[in-house]
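Trainee: First the structure, which I've put down as structure tokens, then a few questions once you've had a look.
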Amino acid sequence: MPSCIICRENELANLFSVNLIKFVLVDVADTHIVQTTLTHGGAEPCRVVNVSSFVGARTLNKCSADLQQRFRSDDISEEELTGLMEQFVDLAKKGEHEKGGWANTAYGTSKTGLTVLSMIHARRLTKERPHDGILVNACCPGWVRTDMAGPTAPKSPEEGAVTPVFLALLPAGATDPHGRFVSDKEVQPW
């Protein structure tokens, strides 16, 4: 899969016509689709950039010590992560998630899950396909003026695109960042 580039709509036709980019939208919860997408067979490096949020890290810091430990563990599996996320949903439906050690935000919890899933996929790829050059990262574009964030957010969409594009365009042969959470083009503590 060639690198991903974000550009103006009128520039897309030119980029596609010379086969410079390929956009692939996948459901990160569908492991088969993710693995199929990563089996691209091309010479270009594959970069997986999951758009998460700093809110995920803040949310994790508001969870119980036990939950924080599991979400930050180097041995958390995709199955365990799925179970934890299902636990949050079940407890939230009953209004009991805070009693269960969870923060009071579905959005933040979803971003915690996405960031951890990115780390899990990176570890798996490092183990199973160490020479494929595939890099997986989660990133925060920042607080961007969108329909969701509103007109008072400090970053323009172009400014918000900087970190995802930076990660998508990491050069062939790059090994880092991989399995990290990145904001403002810098690896952030998790």
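Identifiers in the structure tokens: chain A, B, ... in order shown; residue index from 1 per chain; ligand index from 1 in order shown.
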DSSP on the backbone, then: every residue of range 45-164 of chain A marked helix (DSSP H, G or I), written as an MDAnalysis selection string.

Mentor: chainID A and resid 54:61 65:71 78:93 106:128 157:160 162:164

Trainee: From the list A:Val48, A:Asp75, A:Ser110, A:Gln68, which residue is nearest Phe88 in chain A when using only C-alpha atoms?

Mentor: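 Comparing A:Val48, A:Asp75, A:Ser110, A:Gln68 against Phe88 in chain A, the winner is A:Ser110.
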
Trainee: Write out as number ranges by chain each polymer residue whose atoms come within 12 Å of His97 in chain A, counting only C-alpha atoms; drop sequence neighbours fewer than 4 positions from it.

Mentor: A: 63-64, 67, 84-93, 101-106, 109

Trainee: Please produce a file of the residues just selected, as an mmCIF file, in the first residue's frame, where the atoms kept are N, CA and C atoms.

Mentor:
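File part.cif, as written:
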```
data_model
loop_
_atom_site.group_PDB
_atom_site.id
_atom_site.type_symbol
_atom_site.label_atom_id
_atom_site.label_comp_id
_atom_site.auth_asym_id
_atom_site.auth_seq_id
_atom_site.Cartn_x
_atom_site.Cartn_y
_atom_site.Cartn_z
ATOM 1 N N CYS A 63 -9.073 6.336 35.276
ATOM 2 C CA CYS A 63 -9.552 4.980 35.570
ATOM 3 C C CYS A 63 -8.854 4.438 36.810
ATOM 4 N N SER A 64 -9.375 3.330 37.316
ATOM 5 C CA SER A 64 -8.762 2.681 38.478
ATOM 6 C C SER A 64 -7.333 2.244 38.145
ATOM 7 N N LEU A 67 -7.277 -0.945 36.045
ATOM 8 C CA LEU A 67 -7.548 -0.738 34.622
ATOM 9 C C LEU A 67 -6.365 -0.060 33.941
ATOM 10 N N LEU A 84 -12.439 -5.917 27.874
ATOM 11 C CA LEU A 84 -12.488 -4.708 28.697
ATOM 12 C C LEU A 84 -13.442 -3.680 28.102
ATOM 13 N N MET A 85 -13.394 -3.504 26.795
ATOM 14 C CA MET A 85 -14.278 -2.529 26.156
ATOM 15 C C MET A 85 -15.739 -2.965 26.285
ATOM 16 N N GLU A 86 -15.997 -4.255 26.150
ATOM 17 C CA GLU A 86 -17.360 -4.768 26.327
ATOM 18 C C GLU A 86 -17.813 -4.587 27.771
ATOM 19 N N GLN A 87 -16.883 -4.761 28.713
ATOM 20 C CA GLN A 87 -17.199 -4.540 30.125
ATOM 21 C C GLN A 87 -17.629 -3.090 30.348
ATOM 22 N N PHE A 88 -16.890 -2.144 29.755
ATOM 23 C CA PHE A 88 -17.261 -0.733 29.896
ATOM 24 C C PHE A 88 -18.664 -0.484 29.355
ATOM 25 N N VAL A 89 -18.945 -0.999 28.166
ATOM 26 C CA VAL A 89 -20.260 -0.791 27.556
ATOM 27 C C VAL A 89 -21.359 -1.362 28.444
ATOM 28 N N ASP A 90 -21.159 -2.589 28.917
ATOM 29 C CA ASP A 90 -22.178 -3.221 29.768
ATOM 30 C C ASP A 90 -22.416 -2.423 31.051
ATOM 31 N N LEU A 91 -21.337 -1.990 31.687
ATOM 32 C CA LEU A 91 -21.475 -1.210 32.920
ATOM 33 C C LEU A 91 -22.094 0.164 32.645
ATOM 34 N N ALA A 92 -21.698 0.776 31.540
ATOM 35 C CA ALA A 92 -22.228 2.105 31.205
ATOM 36 C C ALA A 92 -23.727 2.032 30.931
ATOM 37 N N LYS A 93 -24.169 0.970 30.298
ATOM 38 C CA LYS A 93 -25.606 0.809 30.040
ATOM 39 C C LYS A 93 -26.403 0.774 31.343
ATOM 40 N N GLY A 101 -14.642 1.391 38.112
ATOM 41 C CA GLY A 101 -13.291 1.914 37.933
ATOM 42 C C GLY A 101 -13.053 2.669 36.642
ATOM 43 N N TRP A 102 -14.107 2.869 35.883
ATOM 44 C CA TRP A 102 -13.991 3.543 34.584
ATOM 45 C C TRP A 102 -14.236 5.039 34.726
ATOM 46 N N ALA A 103 -13.649 5.810 33.810
ATOM 47 C CA ALA A 103 -13.924 7.246 33.746
ATOM 48 C C ALA A 103 -15.312 7.439 33.143
ATOM 49 N N ASN A 104 -15.866 8.604 33.333
ATOM 50 C CA ASN A 104 -17.233 8.879 32.875
ATOM 51 C C ASN A 104 -17.249 9.506 31.487
ATOM 52 N N THR A 105 -16.656 8.809 30.509
ATOM 53 C CA THR A 105 -16.657 9.299 29.130
ATOM 54 C C THR A 105 -16.557 8.141 28.145
ATOM 55 N N ALA A 106 -17.576 7.969 27.355
ATOM 56 C CA ALA A 106 -17.546 6.936 26.320
ATOM 57 C C ALA A 106 -16.547 7.307 25.225
ATOM 58 N N THR A 109 -13.023 6.725 26.489
ATOM 59 C CA THR A 109 -12.770 5.288 26.612
ATOM 60 C C THR A 109 -12.568 4.661 25.238
#
```

Trainee: Name all residues at most 7 Å from Thr163 in chain A (count only C-alpha atoms; drop same-chain ones fewer than 4 positions away) and give them as a short mmCIF file (atom, residue, chain, number, x, y, z; two decimals) with N, CA, C and O atoms, in the first residue's frame.

Mentor:
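File out.cif, as written:
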```cif
data_model
loop_
_atom_site.label_atom_id
_atom_site.label_comp_id
_atom_site.auth_asym_id
_atom_site.auth_seq_id
_atom_site.Cartn_x
_atom_site.Cartn_y
_atom_site.Cartn_z
N PRO A 141 -4.70 14.46 16.37
CA PRO A 141 -4.54 15.63 15.48
C PRO A 141 -4.61 16.94 16.25
O PRO A 141 -4.28 17.99 15.72
N LEU A 167 3.03 10.74 10.00
CA LEU A 167 3.12 9.30 10.25
C LEU A 167 2.89 8.49 8.98
O LEU A 167 3.55 7.47 8.76
N SER A 183 1.56 12.88 19.06
CA SER A 183 0.85 14.15 18.97
C SER A 183 1.88 15.22 18.62
O SER A 183 3.00 15.18 19.14
N ASP A 184 1.50 16.16 17.78
CA ASP A 184 2.43 17.21 17.34
C ASP A 184 3.76 16.62 16.86
O ASP A 184 4.84 17.14 17.14
N LYS A 185 3.66 15.50 16.15
CA LYS A 185 4.81 14.81 15.56
C LYS A 185 5.81 14.30 16.60
O LYS A 185 6.93 13.98 16.27
#
```

Trainee: Between CA of Gly173 in chain A and CA of Pro189 in chain A, measure the distance and give it in Å to one decimal.

Mentor: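 That distance, rounded to one decimal, is 23.9 Å.
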